[in-house]
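Accompanying notes for the structure given below.
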Amino acid sequence: MAAQRLDGRACATEVEADLLGRVSALKAQNIEPHLAVIIVGDDPASHVYVNSKIKTCARLGIRSTHISLPVSEKESTLKQHIQDLNNAEDVHGILVQSPLPNHMDEEAITDLIAPEKDVDGFHPQNLGRLVQGRTNGMLPCTPSGVLRMLRWANIDLEGKRAVVVGRSRIVGMPAALLLAARGADATVTVAHSRTQELEAVCKEADILVAAVGRPDMVKPSWVKPGAVVVDVGINRVDDATRERGWRLAGDVDPGVAEVASWLSPVPGGVGPMTIAMLMENTVRAAELVHDR
């Protein structure tokens, strides 16, 4: 039997429906949620992502500011923009689109964003709260989207064996922390490129999250029959059979659908949820300002 679809688009639609009410409540108190997005350079994929975020803001009634800088821009100029946005009382969320040019220090830029406006959830203070088990602040968007999607599908996580393949600070490690946190209560293993017998480790998982950036890496033989598989990867792969010459592929081989009980698609799975959780963080940041 083919796996059921972990439909990120359907889940994101439910998240947005809730956010519409929260945005209306804020506006009734003369608070307009406001997201500022900075992009440096001309990477086509990055501009597509930014435009998608801006369109979602418009759909939800969230004000957005878009700052586009040339690839040759000095890091000091970018830092000054961030400082200005930190000081702007009407800006609730700041996002610097990744990746940055090689001459810029991405971690230093992230550290500069005010933690309460860090809607990506990457600031050390926000990640530190997550390590403490405090999940009421700015959570990294993709990992929190994964957890929300699992809950949307009514998948029981308590006591289940979860394996996260990938240990990045953006996805892998925070996903592991969220899965292990109170309320989710999974037993979590973090696997990576140095893990011995990786296939055997993955096959033990009731919940398998693939976040390594390698197309079709997780094969059907790696998956326990009936496991829930979340594919975080989105990779551009050359494909001469396609008119455009390429296709999008996840980290999970499509054949896994014949083994798993649930599988998130690529595209249409984690991607829409990442944007939905960015919007939720922005609204949450505006609500926290009001609550002070």
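We name chains A, B, ... following the order of the structure tokens; residues begin at 1 in each chain, and ligands are numbered from 1 as shown.
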
Applying 7 Å and only C-alpha atoms, which residues near segment 159-167 of chain A remain after dropping the ones on its own chain fewer than 5 positions away? List them as an NGL selection string.
:A and (172-173 or 176 or 185-192 or 202 or 205-212)

Dump as a tab-separated table (two decimals), in the first residue's frame, selection limited to C-alpha atoms:
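result-v2.tsv was written with the following content:
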```
chain	number	residue	atom	x	y	z
A	172	GLY	CA	18.79	18.69	12.04
A	173	MET	CA	19.69	19.62	15.60
A	176	ALA	CA	15.87	16.56	17.17
A	185	ASP	CA	8.34	12.88	23.82
A	186	ALA	CA	10.03	10.86	21.08
A	187	THR	CA	13.32	9.04	21.68
A	188	VAL	CA	15.69	10.66	19.24
A	189	THR	CA	18.88	9.63	17.46
A	190	VAL	CA	20.81	12.17	15.39
A	191	ALA	CA	22.65	10.52	12.50
A	192	HIS	CA	25.07	12.11	10.04
A	202	CYS	CA	17.56	4.55	9.82
A	205	ALA	CA	13.14	4.54	13.08
A	206	ASP	CA	9.40	4.85	13.58
A	207	ILE	CA	9.82	8.49	12.51
A	208	LEU	CA	12.57	9.25	9.98
A	209	VAL	CA	13.51	12.84	9.15
A	210	ALA	CA	15.92	13.25	6.23
A	211	ALA	CA	17.74	16.61	6.14
A	212	VAL	CA	21.10	16.11	4.45
```

Mind checking which residues fall within 12 Å of Gly21 of chain A, counting only C-alpha atoms, ignoring those fewer than 6 positions away in the same chain, and posting them as a VMD selection string?
chain A and resid 14 to 15 27 to 28 60 to 62 280 283

I need the chosen residues saved as an mmCIF file, in the first residue's frame, with N, CA and C atoms.
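Contents of the output file part06.cif:
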```
data_model
loop_
_atom_site.group_PDB
_atom_site.id
_atom_site.type_symbol
_atom_site.label_atom_id
_atom_site.label_comp_id
_atom_site.auth_asym_id
_atom_site.auth_seq_id
_atom_site.Cartn_x
_atom_site.Cartn_y
_atom_site.Cartn_z
ATOM 1 N N GLU A 14 -4.201 25.538 6.920
ATOM 2 C CA GLU A 14 -4.817 25.605 8.254
ATOM 3 C C GLU A 14 -4.081 26.597 9.149
ATOM 4 N N VAL A 15 -2.750 26.606 9.081
ATOM 5 C CA VAL A 15 -1.965 27.557 9.867
ATOM 6 C C VAL A 15 -2.320 28.984 9.457
ATOM 7 N N LYS A 27 -4.510 44.084 14.473
ATOM 8 C CA LYS A 27 -4.840 45.336 13.783
ATOM 9 C C LYS A 27 -5.957 46.094 14.486
ATOM 10 N N ALA A 28 -6.837 45.352 15.146
ATOM 11 C CA ALA A 28 -7.896 46.007 15.922
ATOM 12 C C ALA A 28 -7.320 46.806 17.087
ATOM 13 N N LEU A 60 -1.861 37.403 4.019
ATOM 14 C CA LEU A 60 -2.262 37.365 5.428
ATOM 15 C C LEU A 60 -2.463 38.745 6.039
ATOM 16 N N GLY A 61 -2.163 39.790 5.278
ATOM 17 C CA GLY A 61 -2.303 41.138 5.824
ATOM 18 C C GLY A 61 -1.124 41.555 6.682
ATOM 19 N N ILE A 62 0.025 40.903 6.470
ATOM 20 C CA ILE A 62 1.251 41.258 7.174
ATOM 21 C C ILE A 62 2.037 42.243 6.306
ATOM 22 N N GLU A 280 4.020 32.630 11.213
ATOM 23 C CA GLU A 280 3.575 32.486 12.598
ATOM 24 C C GLU A 280 4.559 33.156 13.555
ATOM 25 N N VAL A 283 3.950 36.934 13.428
ATOM 26 C CA VAL A 283 2.753 37.319 14.189
ATOM 27 C C VAL A 283 3.013 37.178 15.683
#
```

Mind checking which residues fall within 12 Å of segment 50-59 of chain A, counting only C-alpha atoms, ignoring those fewer than 2 positions away in the same chain, and posting them as a PyMOL selection string?
chain A and resi 12-13+15-17+19-20+23+32-40+42-48+61-68+93+95-98+271-280+282-283

Residues within 12 Å of Ser76 of chain A, only C-alpha atoms, excluding chain neighbours under 3 positions, as a ChimeraX atom specification:
/A:72-73,79-83,103-105,108-109,112

Print the selection's residues with C-alpha atoms to a file, as a short mmCIF file (atom, residue, chain, number, x, y, z; two decimals), in the first residue's frame.
```cif
data_model
loop_
_atom_site.label_atom_id
_atom_site.label_comp_id
_atom_site.auth_asym_id
_atom_site.auth_seq_id
_atom_site.Cartn_x
_atom_site.Cartn_y
_atom_site.Cartn_z
CA SER A 72 29.37 43.15 -3.92
CA GLU A 73 27.84 45.04 -0.97
CA LYS A 79 25.02 45.21 9.43
CA GLN A 80 23.86 48.83 9.42
CA HIS A 81 20.56 47.80 7.79
CA ILE A 82 20.07 45.20 10.53
CA GLN A 83 20.83 47.72 13.27
CA HIS A 103 32.82 37.56 1.94
CA MET A 104 30.10 37.80 4.61
CA ASP A 105 30.03 35.93 7.94
CA ALA A 108 27.89 36.94 12.79
CA ILE A 109 25.01 38.44 10.81
CA LEU A 112 23.34 40.74 15.18
#
```

Counting only C-alpha atoms, which residue out of A:Pro254, A:Glu75, A:Lys203, A:Gly145 sits closest to Val232 of chain A?
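When distances to Val232 of chain A are compared using only C-alpha atoms, the smallest one comes from A:Gly145.
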
Out of A:Pro174, A:Gly183, A:Pro101, A:Gly268, which residue has the shortest atom-to-atom distance to Gly233 of chain A when counting only C-alpha atoms?
A:Gly268

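Around Arg5 of chain A, within 7 Å and counting only C-alpha atoms, the residues found are Trp262, Leu263, Ser264 and Pro265 of chain A, once anything fewer than 5 positions away on its own chain is removed.
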
Going by DSSP on the backbone, which bits of segment 25-144 of chain A are strand (DSSP E or B)? Write them as a PyMOL selection string, please.
chain A and resi 34-40+63-69+93-96+118

Could you write those residues out with N, CA and C atoms, as a compact mmCIF listing (two decimals), in the first residue's frame?
```txt
# COMPACT_ATOMS: atom_id res chain seq x y z
N HIS A 34 4.84 43.26 10.97
CA HIS A 34 5.70 43.81 9.92
C HIS A 34 6.96 42.96 9.84
N LEU A 35 7.20 42.37 8.67
CA LEU A 35 8.38 41.54 8.41
C LEU A 35 9.29 42.26 7.43
N ALA A 36 10.56 42.39 7.78
CA ALA A 36 11.57 42.96 6.89
C ALA A 36 12.47 41.83 6.39
N VAL A 37 12.63 41.74 5.08
CA VAL A 37 13.45 40.70 4.46
C VAL A 37 14.59 41.36 3.70
N ILE A 38 15.81 40.91 3.99
CA ILE A 38 17.00 41.42 3.30
C ILE A 38 17.58 40.30 2.45
N ILE A 39 17.86 40.60 1.20
CA ILE A 39 18.51 39.64 0.31
C ILE A 39 19.74 40.29 -0.29
N VAL A 40 20.84 39.55 -0.32
CA VAL A 40 22.09 40.05 -0.86
C VAL A 40 22.47 39.19 -2.06
N ARG A 63 2.44 43.33 6.87
CA ARG A 63 3.24 44.31 6.12
C ARG A 63 4.63 43.72 5.88
N SER A 64 5.18 43.95 4.69
CA SER A 64 6.52 43.46 4.40
C SER A 64 7.38 44.56 3.79
N THR A 65 8.64 44.55 4.16
CA THR A 65 9.65 45.43 3.58
C THR A 65 10.71 44.57 2.95
N HIS A 66 11.08 44.88 1.73
CA HIS A 66 12.04 44.08 0.97
C HIS A 66 13.26 44.94 0.67
N ILE A 67 14.41 44.54 1.20
CA ILE A 67 15.66 45.26 0.96
C ILE A 67 16.58 44.36 0.14
N SER A 68 16.90 44.79 -1.08
CA SER A 68 17.75 44.00 -1.98
C SER A 68 19.09 44.71 -2.14
N LEU A 69 20.18 44.00 -1.84
CA LEU A 69 21.53 44.56 -1.92
C LEU A 69 22.35 43.81 -2.97
N GLY A 93 9.72 41.52 12.72
CA GLY A 93 10.53 40.38 12.30
C GLY A 93 11.58 40.79 11.28
N ILE A 94 12.78 40.21 11.41
CA ILE A 94 13.87 40.47 10.47
C ILE A 94 14.38 39.14 9.96
N LEU A 95 14.48 39.02 8.64
CA LEU A 95 15.00 37.81 8.02
C LEU A 95 16.06 38.20 7.00
N VAL A 96 17.24 37.59 7.10
CA VAL A 96 18.29 37.76 6.10
C VAL A 96 18.34 36.47 5.30
N ASP A 118 14.10 37.82 15.61
CA ASP A 118 14.76 36.75 14.85
C ASP A 118 13.73 35.70 14.45
```

Measuring between only C-alpha atoms, which one of A:Val171, A:Val266, A:Met217, A:Ala10 shows the shortest distance to Arg247 of chain A?
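Nearest candidate to Arg247 of chain A out of A:Val171, A:Val266, A:Met217, A:Ala10: A:Val266.
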
Have a look at atom CA of Lys74 of chain A and atom CA of His92 of chain A and let me know their distance in Å, one decimal.
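Separation of atom CA of Lys74 of chain A and atom CA of His92 of chain A: 24.9 Å.
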
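With only C-alpha atoms as the atoms that count, the minimum distance from Gly137 of chain A to the choices A:Arg284, A:His290, A:Lys219, A:Lys224 is reached by A:Arg284.
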